[in-house]
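Q: Here you go, query-v3.csv (CSV, C-alpha atoms):
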chain,number,residue,atom,x,y,z
A,1,MET,CA,144.8,11.1,72.2
A,2,PRO,CA,147.7,9.1,73.6
A,3,PRO,CA,148.3,5.6,72.3
A,4,LEU,CA,145.7,3.1,73.5
A,5,THR,CA,146.5,-0.4,74.8
A,6,LEU,CA,143.8,-3.0,75.3
A,7,LEU,CA,144.3,-6.2,77.2
A,8,ILE,CA,141.5,-8.5,75.9
A,9,LYS,CA,140.3,-11.8,77.3
A,10,PRO,CA,138.3,-13.4,74.4
A,11,ALA,CA,137.8,-16.7,76.3
A,12,SER,CA,137.6,-15.2,79.8
A,13,GLY,CA,139.3,-17.6,82.2
A,14,LEU,CA,138.7,-20.7,80.1
A,15,CYS,CA,141.8,-22.7,79.5
A,16,ASP,CA,142.9,-26.1,78.2
A,17,MET,CA,145.7,-26.2,80.9
A,18,ARG,CA,145.6,-26.4,84.6
A,19,CYS,CA,148.7,-24.5,85.7
A,20,THR,CA,149.2,-25.1,89.4
A,21,TYR,CA,149.9,-21.4,90.1
A,22,CYS,CA,147.4,-19.7,87.8
A,23,PHE,CA,146.7,-16.3,89.1
A,24,TYR,CA,143.6,-15.7,86.9
A,25,ALA,CA,141.9,-18.7,88.4
A,26,ASP,CA,142.2,-17.0,91.8
A,27,VAL,CA,140.9,-13.7,90.3
A,28,ALA,CA,137.9,-15.5,88.8
A,29,GLU,CA,137.1,-17.2,92.2
A,30,ASN,CA,136.9,-13.7,93.8
A,31,ARG,CA,134.0,-12.3,91.7
A,32,GLU,CA,130.4,-13.1,91.2
A,33,VAL,CA,130.8,-14.6,87.7
A,34,SER,CA,133.9,-16.7,87.4
A,35,SER,CA,133.8,-17.2,83.6
A,36,TYR,CA,132.1,-15.1,80.9
A,37,GLY,CA,132.6,-17.7,78.2
A,38,ILE,CA,133.7,-16.8,74.6
A,39,MET,CA,133.4,-13.2,73.4
A,40,ASP,CA,130.6,-12.8,70.7
A,41,MET,CA,131.1,-11.0,67.5
A,42,ALA,CA,128.9,-8.0,68.5
A,43,THR,CA,131.0,-7.4,71.6
A,44,LEU,CA,134.2,-7.7,69.5
A,45,GLU,CA,132.9,-5.2,67.0
A,46,ASN,CA,131.9,-2.7,69.8
A,47,LEU,CA,135.3,-3.1,71.3
A,48,VAL,CA,137.1,-2.4,68.0
A,49,ARG,CA,134.8,0.5,67.1
A,50,ARG,CA,135.2,2.2,70.4
A,51,ALA,CA,138.9,1.7,70.4
A,52,PHE,CA,139.4,3.7,67.2
A,53,GLU,CA,136.8,6.3,68.2
A,54,TYR,CA,138.9,6.9,71.4
A,55,ALA,CA,142.4,6.8,69.8
A,56,GLY,CA,141.8,8.7,66.7
A,57,ASN,CA,145.0,8.4,64.6
A,58,SER,CA,147.1,7.3,67.6
A,59,ARG,CA,148.5,3.8,67.9
A,60,VAL,CA,146.2,1.1,69.1
A,61,THR,CA,147.4,-2.2,70.6
A,62,PHE,CA,145.1,-5.1,70.9
A,63,ALA,CA,146.7,-7.6,73.3
A,64,PHE,CA,144.9,-10.9,73.8
A,65,GLN,CA,145.3,-13.0,76.9
A,66,GLY,CA,143.3,-15.4,79.0
A,67,GLY,CA,142.7,-17.9,80.2
A,68,GLU,CA,143.7,-19.2,76.8
A,69,PRO,CA,142.8,-16.8,74.0
A,70,THR,CA,143.3,-19.3,71.2
A,71,LEU,CA,140.1,-21.1,72.5
A,72,ALA,CA,138.1,-18.3,70.8
A,73,GLY,CA,139.2,-19.9,67.5
A,74,LEU,CA,141.1,-18.7,64.4
A,75,ASP,CA,138.0,-17.3,62.8
A,76,PHE,CA,137.7,-14.9,65.8
A,77,TYR,CA,141.0,-13.3,64.9
A,78,ARG,CA,140.2,-13.2,61.2
A,79,ALA,CA,137.1,-11.3,62.1
A,80,LEU,CA,139.2,-9.0,64.3
A,81,LEU,CA,141.4,-8.0,61.3
A,82,TRP,CA,138.4,-7.3,59.2
A,83,MET,CA,136.8,-5.1,61.9
A,84,GLN,CA,140.1,-3.3,62.4
A,85,GLN,CA,140.2,-2.4,58.7
A,86,ARG,CA,136.6,-1.3,58.7
A,87,HIS,CA,136.7,1.0,61.7
A,88,ASN,CA,140.3,2.4,61.4
A,89,THR,CA,139.1,5.3,59.3
A,90,LEU,CA,141.8,7.7,60.5
A,91,GLY,CA,144.7,5.4,59.7
A,92,ALA,CA,146.0,4.7,63.2
A,93,GLU,CA,148.9,2.3,63.6
A,94,VAL,CA,147.6,-1.0,64.8
A,95,GLN,CA,149.6,-3.6,66.8
A,96,ASN,CA,148.2,-7.1,67.6
A,97,SER,CA,149.7,-9.5,70.2
A,98,ILE,CA,148.7,-12.7,71.9
A,99,GLN,CA,149.9,-14.6,75.0
A,100,THR,CA,149.3,-18.3,74.6
A,101,ASN,CA,150.2,-21.6,76.2
A,102,GLY,CA,150.8,-23.0,72.8
A,103,LEU,CA,148.7,-26.2,73.0
A,104,SER,CA,146.3,-25.2,70.2
A,105,LEU,CA,149.0,-23.9,67.8
A,106,ASP,CA,149.5,-25.7,64.5
A,107,ALA,CA,151.0,-24.6,61.2
A,108,GLU,CA,147.8,-22.6,60.3
A,109,TRP,CA,147.9,-20.6,63.5
A,110,ALA,CA,151.6,-19.9,63.2
A,111,GLU,CA,151.3,-18.8,59.6
A,112,PHE,CA,148.4,-16.6,60.5
A,113,PHE,CA,150.4,-14.9,63.2
A,114,ALA,CA,153.4,-14.4,60.9
A,115,HIS,CA,151.4,-13.1,58.0
A,116,ASN,CA,149.4,-10.7,60.1
A,117,HIS,CA,152.4,-9.5,62.2
A,118,PHE,CA,151.1,-10.7,65.6
A,119,LEU,CA,153.6,-10.6,68.4
A,120,VAL,CA,153.3,-13.9,70.2
A,121,GLY,CA,154.1,-14.5,73.9
A,122,LEU,CA,154.6,-18.2,74.5
A,123,SER,CA,154.5,-19.5,78.1
A,124,LEU,CA,157.4,-21.8,78.8
A,125,ASP,CA,158.9,-22.3,82.3
A,126,GLY,CA,162.5,-22.9,81.5
A,127,THR,CA,163.5,-26.6,81.8
A,128,LYS,CA,161.4,-29.6,81.1
A,129,ALA,CA,161.3,-30.8,84.7
A,130,ILE,CA,160.2,-27.5,86.1
A,131,HIS,CA,157.7,-26.8,83.3
A,132,ASP,CA,156.1,-30.3,83.4
A,133,GLN,CA,155.7,-30.0,87.2
A,134,ASN,CA,153.6,-26.9,87.1
A,135,ARG,CA,152.2,-26.4,83.6
A,136,VAL,CA,149.9,-29.4,83.0
A,137,ASP,CA,146.9,-30.1,80.8
A,138,ALA,CA,143.4,-30.9,81.9
A,139,ALA,CA,144.4,-34.6,82.3
A,140,GLY,CA,147.4,-33.7,84.5
A,141,ARG,CA,150.0,-34.4,81.9
A,142,GLY,CA,153.1,-32.3,81.4
A,143,THR,CA,153.0,-30.0,78.3
A,144,TYR,CA,156.7,-29.1,77.7
A,145,ALA,CA,157.1,-31.2,74.5
A,146,ARG,CA,153.9,-29.6,73.0
A,147,VAL,CA,155.0,-26.1,73.9
A,148,LYS,CA,158.4,-26.7,72.3
A,149,LYS,CA,156.7,-27.9,69.2
A,150,ALA,CA,154.7,-24.7,69.1
A,151,ALA,CA,157.9,-22.7,69.3
A,152,LEU,CA,159.3,-24.6,66.4
A,153,LEU,CA,156.1,-23.9,64.3
A,154,LEU,CA,156.3,-20.2,65.1
A,155,SER,CA,160.0,-20.1,64.1
A,156,ALA,CA,159.4,-22.0,60.9
A,157,ALA,CA,156.6,-19.6,59.9
A,158,GLY,CA,158.7,-16.6,60.7
A,159,ALA,CA,156.4,-15.3,63.5
A,160,ASP,CA,157.8,-13.0,66.1
A,161,PHE,CA,157.6,-14.5,69.6
A,162,ASN,CA,159.0,-14.2,73.1
A,163,ILE,CA,159.1,-16.5,76.1
A,164,LEU,CA,157.2,-15.9,79.3
A,165,CYS,CA,158.5,-17.7,82.3
A,166,VAL,CA,156.8,-17.6,85.7
A,167,VAL,CA,159.2,-17.6,88.6
A,168,THR,CA,157.9,-19.8,91.4
A,169,GLY,CA,159.7,-20.6,94.6
A,170,GLY,CA,161.0,-23.8,93.1
A,171,LEU,CA,162.1,-22.4,89.8
A,172,ALA,CA,163.9,-19.5,91.6
A,173,ARG,CA,166.4,-22.1,92.9
A,174,HIS,CA,167.6,-22.6,89.3
A,175,GLY,CA,168.0,-19.1,87.8
A,176,ALA,CA,171.2,-19.8,86.0
A,177,ARG,CA,170.0,-23.1,84.6
A,178,VAL,CA,166.7,-21.7,83.4
A,179,PHE,CA,168.4,-18.7,81.7
A,180,ASP,CA,171.0,-21.0,80.1
A,181,THR,CA,168.3,-23.4,78.8
A,182,LEU,CA,166.3,-20.7,77.2
A,183,GLN,CA,169.3,-19.0,75.7
A,184,THR,CA,170.8,-22.3,74.4
A,185,ASP,CA,167.4,-23.1,72.8
A,186,GLY,CA,167.8,-19.9,70.8
A,187,TYR,CA,165.2,-17.7,72.6
A,188,ARG,CA,166.4,-14.1,72.7
A,189,TYR,CA,163.3,-12.3,74.2
A,190,LEU,CA,162.5,-13.5,77.7
A,191,GLN,CA,160.0,-12.3,80.3
A,192,PHE,CA,160.5,-13.4,83.9
A,193,ILE,CA,157.5,-12.6,86.2
A,194,PRO,CA,157.2,-13.5,89.9
A,195,CYS,CA,154.5,-16.0,90.9
A,196,LEU,CA,151.6,-14.3,92.7
A,197,ASP,CA,150.2,-15.4,96.0
A,198,GLY,CA,146.4,-15.5,96.3
A,199,PHE,CA,144.3,-12.5,97.3
A,200,GLY,CA,144.9,-11.7,100.9
A,201,GLY,CA,148.4,-13.0,100.7
A,202,VAL,CA,147.3,-16.7,100.7
A,203,LYS,CA,150.4,-18.9,100.3
A,204,SER,CA,150.7,-21.9,98.1
A,205,PRO,CA,153.4,-24.6,97.6
A,206,HIS,CA,154.7,-22.4,94.7
A,207,SER,CA,154.9,-19.1,96.7
A,208,LEU,CA,158.0,-17.0,96.0
A,209,THR,CA,159.8,-15.4,98.9
A,210,ALA,CA,161.8,-12.2,98.8
A,211,GLU,CA,165.0,-14.1,99.4
A,212,ARG,CA,164.3,-16.6,96.5
A,213,TRP,CA,163.3,-13.7,94.1
A,214,GLY,CA,166.6,-11.9,94.9
A,215,ASP,CA,168.6,-15.0,94.4
A,216,PHE,CA,166.9,-15.7,91.1
A,217,LEU,CA,167.5,-12.1,89.9
A,218,CYS,CA,171.2,-12.3,90.8
A,219,ALA,CA,171.8,-15.7,89.1
A,220,ALA,CA,169.8,-14.7,85.9
A,221,PHE,CA,171.5,-11.3,85.7
A,222,ASP,CA,174.9,-12.9,85.7
A,223,ARG,CA,173.9,-14.6,82.5
A,224,TYR,CA,172.2,-11.5,81.1
A,225,TYR,CA,175.3,-9.5,81.7
A,226,ASP,CA,177.7,-12.0,80.2
A,227,ALA,CA,175.6,-12.4,77.1
A,228,ILE,CA,175.6,-8.6,76.4
A,229,ILE,CA,179.3,-8.0,77.0
A,230,HIS,CA,180.0,-10.9,74.7
A,231,GLY,CA,177.8,-9.5,71.9
A,232,ASP,CA,175.0,-12.0,72.2
A,233,TYR,CA,172.2,-9.7,73.4
A,234,VAL,CA,169.3,-11.4,75.2
A,235,SER,CA,166.4,-9.2,76.1
A,236,ALA,CA,165.1,-10.1,79.5
A,237,ARG,CA,162.5,-8.4,81.7
A,238,PRO,CA,162.8,-7.1,84.4
A,239,PHE,CA,166.4,-6.3,83.7
A,240,ASP,CA,165.5,-4.3,80.6
A,241,ASN,CA,163.2,-2.3,82.8
A,242,PHE,CA,165.9,-1.5,85.2
A,243,MET,CA,168.2,-0.4,82.4
A,244,GLU,CA,165.5,1.9,81.1
A,245,LEU,CA,165.1,3.5,84.5
A,246,ILE,CA,168.9,4.0,84.8
A,247,ALA,CA,168.8,5.7,81.4
A,248,GLY,CA,166.1,8.0,82.6
A,249,LEU,CA,163.4,6.4,80.4
A,250,PRO,CA,160.0,5.3,81.5
A,251,PRO,CA,159.9,1.5,82.2
A,252,SER,CA,158.0,-0.7,79.8
A,253,CYS,CA,156.5,-2.6,82.7
A,254,CYS,CA,153.8,-0.8,84.7
A,255,GLY,CA,155.0,-2.4,88.0
A,256,TYR,CA,157.9,0.0,88.1
A,257,THR,CA,156.1,3.2,87.5
A,258,GLY,CA,155.4,3.9,91.2
A,259,VAL,CA,151.6,4.3,90.8
A,260,CYS,CA,148.9,2.4,89.0
A,261,GLU,CA,147.6,4.0,85.9
A,262,CYS,CA,144.2,2.8,84.7
A,263,TYR,CA,144.4,0.8,81.5
A,264,PHE,CA,141.7,-1.2,79.8
A,265,VAL,CA,141.3,-4.9,80.5
A,266,VAL,CA,138.3,-6.2,78.5
A,267,GLU,CA,136.6,-9.4,79.7
A,268,SER,CA,134.7,-11.5,77.2
A,269,ASP,CA,131.3,-10.1,78.1
A,270,GLY,CA,132.7,-6.6,77.3
A,271,GLY,CA,133.2,-5.6,80.9
A,272,VAL,CA,136.3,-3.3,81.4
A,273,TYR,CA,138.7,-3.2,84.4
A,274,PRO,CA,141.8,-1.2,85.2
A,275,CYS,CA,144.3,-4.0,85.7
A,276,ASP,CA,144.8,-7.7,84.8
A,277,PHE,CA,145.4,-8.5,88.4
A,278,TYR,CA,142.2,-6.8,89.5
A,279,VAL,CA,139.5,-8.0,87.2
A,280,LEU,CA,137.1,-7.9,90.1
A,281,ASP,CA,133.5,-6.7,90.5
A,282,ARG,CA,134.4,-3.7,92.6
A,283,TYR,CA,136.7,-2.3,89.9
A,284,ARG,CA,134.4,-2.8,86.9
A,285,MET,CA,134.4,0.5,85.0
A,286,GLY,CA,131.7,-0.2,82.5
A,287,SER,CA,131.3,-2.2,79.3
A,288,VAL,CA,132.2,-1.7,75.6
A,289,ASN,CA,128.6,-2.6,74.8
A,290,GLU,CA,127.4,0.4,76.8
A,291,MET,CA,130.1,3.1,77.2
A,292,CYS,CA,133.0,4.8,75.5
A,293,PHE,CA,136.5,4.4,76.7
A,294,ALA,CA,136.8,8.0,77.7
A,295,GLY,CA,133.8,7.6,80.0
A,296,MET,CA,135.3,4.5,81.6
A,297,TYR,CA,138.7,6.1,82.0
A,298,SER,CA,137.1,9.0,84.0
A,299,SER,CA,134.8,6.6,86.0
A,300,GLU,CA,134.8,6.4,89.8
A,301,PRO,CA,136.2,2.8,89.9
A,302,ALA,CA,139.1,3.9,87.7
A,303,ALA,CA,139.9,6.9,89.9
A,304,ARG,CA,139.6,4.9,93.1
A,305,PHE,CA,141.9,2.2,91.8
A,306,THR,CA,144.7,4.7,90.9
A,307,ALA,CA,144.2,6.6,94.2
A,308,GLU,CA,144.6,3.4,96.2
A,309,SER,CA,148.0,2.8,94.7
A,310,GLU,CA,149.5,6.2,95.5
A,311,PRO,CA,150.6,5.9,99.2
A,312,VAL,CA,154.2,4.9,99.5
A,313,ASP,CA,155.6,3.1,102.5
A,314,GLU,CA,158.1,5.3,104.3
A,315,THR,CA,160.7,2.5,104.0
A,316,CYS,CA,160.4,2.9,100.3
A,317,SER,CA,160.6,6.6,100.0
A,318,SER,CA,163.8,6.7,102.0
A,319,CYS,CA,165.5,3.7,100.3
A,320,GLU,CA,168.6,4.3,98.1
A,321,TRP,CA,167.1,2.0,95.5
A,322,PHE,CA,163.6,3.6,95.3
A,323,ALA,CA,164.3,5.1,91.8
A,324,LEU,CA,164.8,1.6,90.4
A,325,CYS,CA,161.8,-0.1,91.9
A,326,ARG,CA,159.4,2.7,92.8
A,327,GLY,CA,157.8,0.5,95.5
A,328,GLY,CA,156.9,-2.2,93.0
A,329,CYS,CA,153.7,-3.6,91.6
A,330,ARG,CA,150.5,-2.9,93.7
A,331,ARG,CA,149.7,-6.6,93.7
A,332,HIS,CA,153.0,-7.2,95.5
A,333,ARG,CA,151.9,-4.7,98.2
A,334,ASP,CA,148.6,-6.2,99.0
A,335,PRO,CA,146.8,-7.0,101.3
A,336,ALA,CA,146.4,-3.4,102.5
A,337,GLY,CA,146.6,-2.6,106.2
A,338,ASP,CA,144.6,0.3,107.6
A,339,GLY,CA,143.6,1.4,104.1
A,340,ARG,CA,147.3,1.6,102.9
A,341,LEU,CA,149.3,-0.8,100.9
A,342,THR,CA,152.0,-2.6,102.7
A,343,LEU,CA,155.7,-2.8,101.9
A,344,ASN,CA,156.5,-4.8,98.7
A,345,ARG,CA,156.7,-8.4,99.7
A,346,PHE,CA,159.8,-8.7,97.5
A,347,CYS,CA,161.6,-5.7,99.0
A,348,GLY,CA,164.4,-7.6,100.6
A,349,GLY,CA,165.1,-9.5,97.3
A,350,TYR,CA,165.2,-6.3,95.3
A,351,LYS,CA,167.7,-4.7,97.8
A,352,HIS,CA,169.9,-7.7,97.6
A,353,PHE,CA,169.8,-7.7,93.8
A,354,PHE,CA,170.5,-4.0,93.3
A,355,GLY,CA,173.4,-4.1,95.7
A,356,TYR,CA,174.8,-7.1,93.8
A,357,ALA,CA,174.2,-5.9,90.2
A,358,TYR,CA,174.0,-2.1,90.1
A,359,PRO,CA,177.7,-1.5,89.2
A,360,ARG,CA,177.4,-3.8,86.3
A,361,MET,CA,174.1,-2.3,85.2
A,362,LEU,CA,175.9,1.0,84.9
A,363,GLU,CA,178.6,-0.7,82.9
A,364,LEU,CA,176.0,-2.1,80.5
A,365,ARG,CA,174.8,1.3,79.4
A,366,LYS,CA,177.7,1.5,77.0
A,367,TYR,CA,176.7,-1.7,75.3
A,368,MET,CA,173.0,-0.9,75.0
A,369,ARG,CA,171.0,1.6,73.0
A,370,MET,CA,168.1,2.7,75.1
Translate the structure described by the file into structure tokens.

A:
Amino acid sequence: MPPLTLLIKPASGLCDMRCTYCFYADVAENREVSSYGIMDMATLENLVRRAFEYAGNSRVTFAFQGGEPTLAGLDFYRALLWMQQRHNTLGAEVQNSIQTNGLSLDAEWAEFFAHNHFLVGLSLDGTKAIHDQNRVDAAGRGTYARVKKAALLLSAAGADFNILCVVTGGLARHGARVFDTLQTDGYRYLQFIPCLDGFGGVKSPHSLTAERWGDFLCAAFDRYYDAIIHGDYVSARPFDNFMELIAGLPPSCCGYTGVCECYFVVESDGGVYPCDFYVLDRYRMGSVNEMCFAGMYSSEPAARFTAESEPVDETCSSCEWFALCRGGCRRHRDPAGDGRLTLNRFCGGYKHFFGYAYPRMLELRKYMRM
């Protein structure tokens, strides 16, 4: 079997923050049950057991997100490790990762992640002013100082972690400053992801336009390029993905593959869905408490989800940059019209960026081992 990646939501959409642009809050509002609470031990064991039954001796990645996955508690992850040892009878390689807002992290959490080789994604939106405007706690207070403290704890423990930064319309105005701040603070693994509008294309004060996305990519790429040619490599998605595509390699981000492949997102009740952006009732493929992963992979909702992503807008297929964006993420092409996905809402921004950066991306190939 091929390697298996599971995206797991052990606390469903529960969170101790109230980020103003939270896409999963929008997802939860568009299904019959908004929150499934904390995953119980029986469901976790069914999940682990079925994962190794499906993967055999292939690599299995358990990636925990939310909501806020640390709300499941540290004992939940201790139990996970015990279950992995119990059910991994064929000696598959196991990778564990977690995406966290950092508010619950203390020295014990950090040491656990380091000792057990969890890769940690820490959400931090660049500068203090930008972060505290959008990433607030339940009382409406900014969280920048607490997230920075979490980063220090992870560093002190020797845990591997990267930074995830959500690019809103406001943040996109400050691409160079955001990149400089993160680089100056010593972070070398960065993820920049565009802020999502609501289902149906519903706009918000944080909506990101194609023009702003293109401007952000250009400004941040200038810093990415300069760092690499001066021997101070900083990994930054999506730029790493574009470099992979230029090198003829598959991109590490599914949004640039050209078609949605069904992967397994497991909600806390055991329900399984094909994509983190579409944890919706109509795409529920089954449950780890009732079905094997092979059965869910071949289910009607999985096939339908993939088929819906296949049509390509004619503007894309004839574009000189199609090989680098492949039409983009399905969520950026919703809402569909006449049963077909629309043109990527960031299309103009990508065109501007590729025209601006492509010659230097070709130059960077000699500096990077892909």

Q: Could you tell me how far CA of Val120 in chain A lies from CA of Met243 in chain A, in Å and to one decimal?

A: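 Here the two named atoms are 23.5 Å from each other.
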
Q: Please provide as an MDAnalysis selection string all residues within 7 Å of range 30-42 of chain A, with the sequence filter that same-chain residues fewer than 5 positions apart are discarded (counting all atoms listed in the file).

A: chainID A and resid 10:14 72 268:269 280:281

Q: Could you pull the residues within 7 Å of Ile193 in chain A, counting only C-alpha atoms, minus those fewer than 5 positions along the same chain, as a list in words?

A: Cys165, Val166 and Val167 of chain A

Q: Give me the residues near Pro238 in chain A as a list in words, where near means some atom within 9 Å (using all atoms listed in the file) and where sequence neighbours in that chain fewer than 6 positions away do not count.

A: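 Answer for this query is Gln191, Phe192, Ile193, Leu217 and Cys253 of chain A.
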
Q: Pick out the residues sitting within 9 Å of Val272 in chain A, and hand them over as a list in words; count all atoms listed in the file, and ignore anything fewer than 3 positions along from it in its own chain.

A: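 Everything that qualifies: Phe264, Val265, Val266, Glu267, Val279, Tyr283, Arg284, Met285, Gly286, Ser287, Val288 and Met296 of chain A.
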
Q: Using all atoms listed in the file, which of A:Ala28, A:Ala156, A:Thr127, A:Gly328 sits nearest Asp185 in chain A?

A: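 Checking each candidate against Asp185 in chain A, we get A:Thr127 as the closest.
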
Q: Dig up all the protein and nucleic acid residues within 12 Å of (151.6, -14.0, 59.0) in the file frame, using only C-alpha atoms, and format them as a count of residues only.

A: 23

Q: If we draw a sphere of 10 Å around (173.1, -10.7, 82.4), which residues have at least one atom in it when counting all atoms listed in the file? Please report them as a ChimeraX atom specification.

A: /A:176,179,217-229,233-236,239,357,360-361,364

Q: Return as CSV the residues of range 5-91 of chain A lying at most 6 Å from range 129-153 of chain A, together with the closest atom-to-atom pair for each and the distance in Å to one decimal, counting only C-alpha atoms, with rows in chain order and ascending residue number.

A:
residue,atom,partner,partner_atom,distance
A:Met17,CA,A:Asp137,CA,4.1
A:Arg18,CA,A:Asp137,CA,5.5
A:Cys19,CA,A:Arg135,CA,4.5
A:Thr20,CA,A:Asn134,CA,5.3

Q: Could you name the residues that touch Ala303 in chain A at 10 Å or less, counting only C-alpha atoms, but leaving out those on the same chain fewer than 4 positions away, as a list in words?

A: Glu261, Cys262, Pro274, Tyr283, Met285, Met296, Tyr297, Ser298, Ser299, Ala307 and Glu308 of chain A

Q: Quote the spacing between CA of Leu343 in chain A and CA of Asp125 in chain A in Å to one decimal place.

A: 27.8 Å

Q: If you measure from CA of Gln95 in chain A to CA of Leu124 in chain A, what distance in Å do you get, rounded to one decimal?

A: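 Pair CA of Gln95 in chain A / CA of Leu124 in chain A returns 23.2 Å.
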
Q: Which is closest to Leu245 in chain A among A:Phe346, A:Phe322, A:Phe353, A:Phe62, if we use all atoms listed in the file?

A: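 Closest candidate: A:Phe322.
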
Q: Just checking: using all atoms listed in the file, which residue out of A:Gly248, A:Gly186, A:Gly271, A:Pro335 ends up closest to Ile8 in chain A?

A: A:Gly271

Q: Which residue, A:Arg282, A:His352, A:Arg330, A:Arg59, has the smallest gap to Leu196 in chain A when you use all atoms listed in the file?

A: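 Among the listed residues, the smallest separation from Leu196 in chain A belongs to A:Arg330.
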
Q: Restricting the calculation to all atoms listed in the file: of A:Cys275, A:Val259, A:Asn241, A:Leu80, which residue gets closest to Ala302 in chain A?

A: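 Among A:Cys275, A:Val259, A:Asn241, A:Leu80, it is A:Cys275 that comes nearest to Ala302 in chain A.
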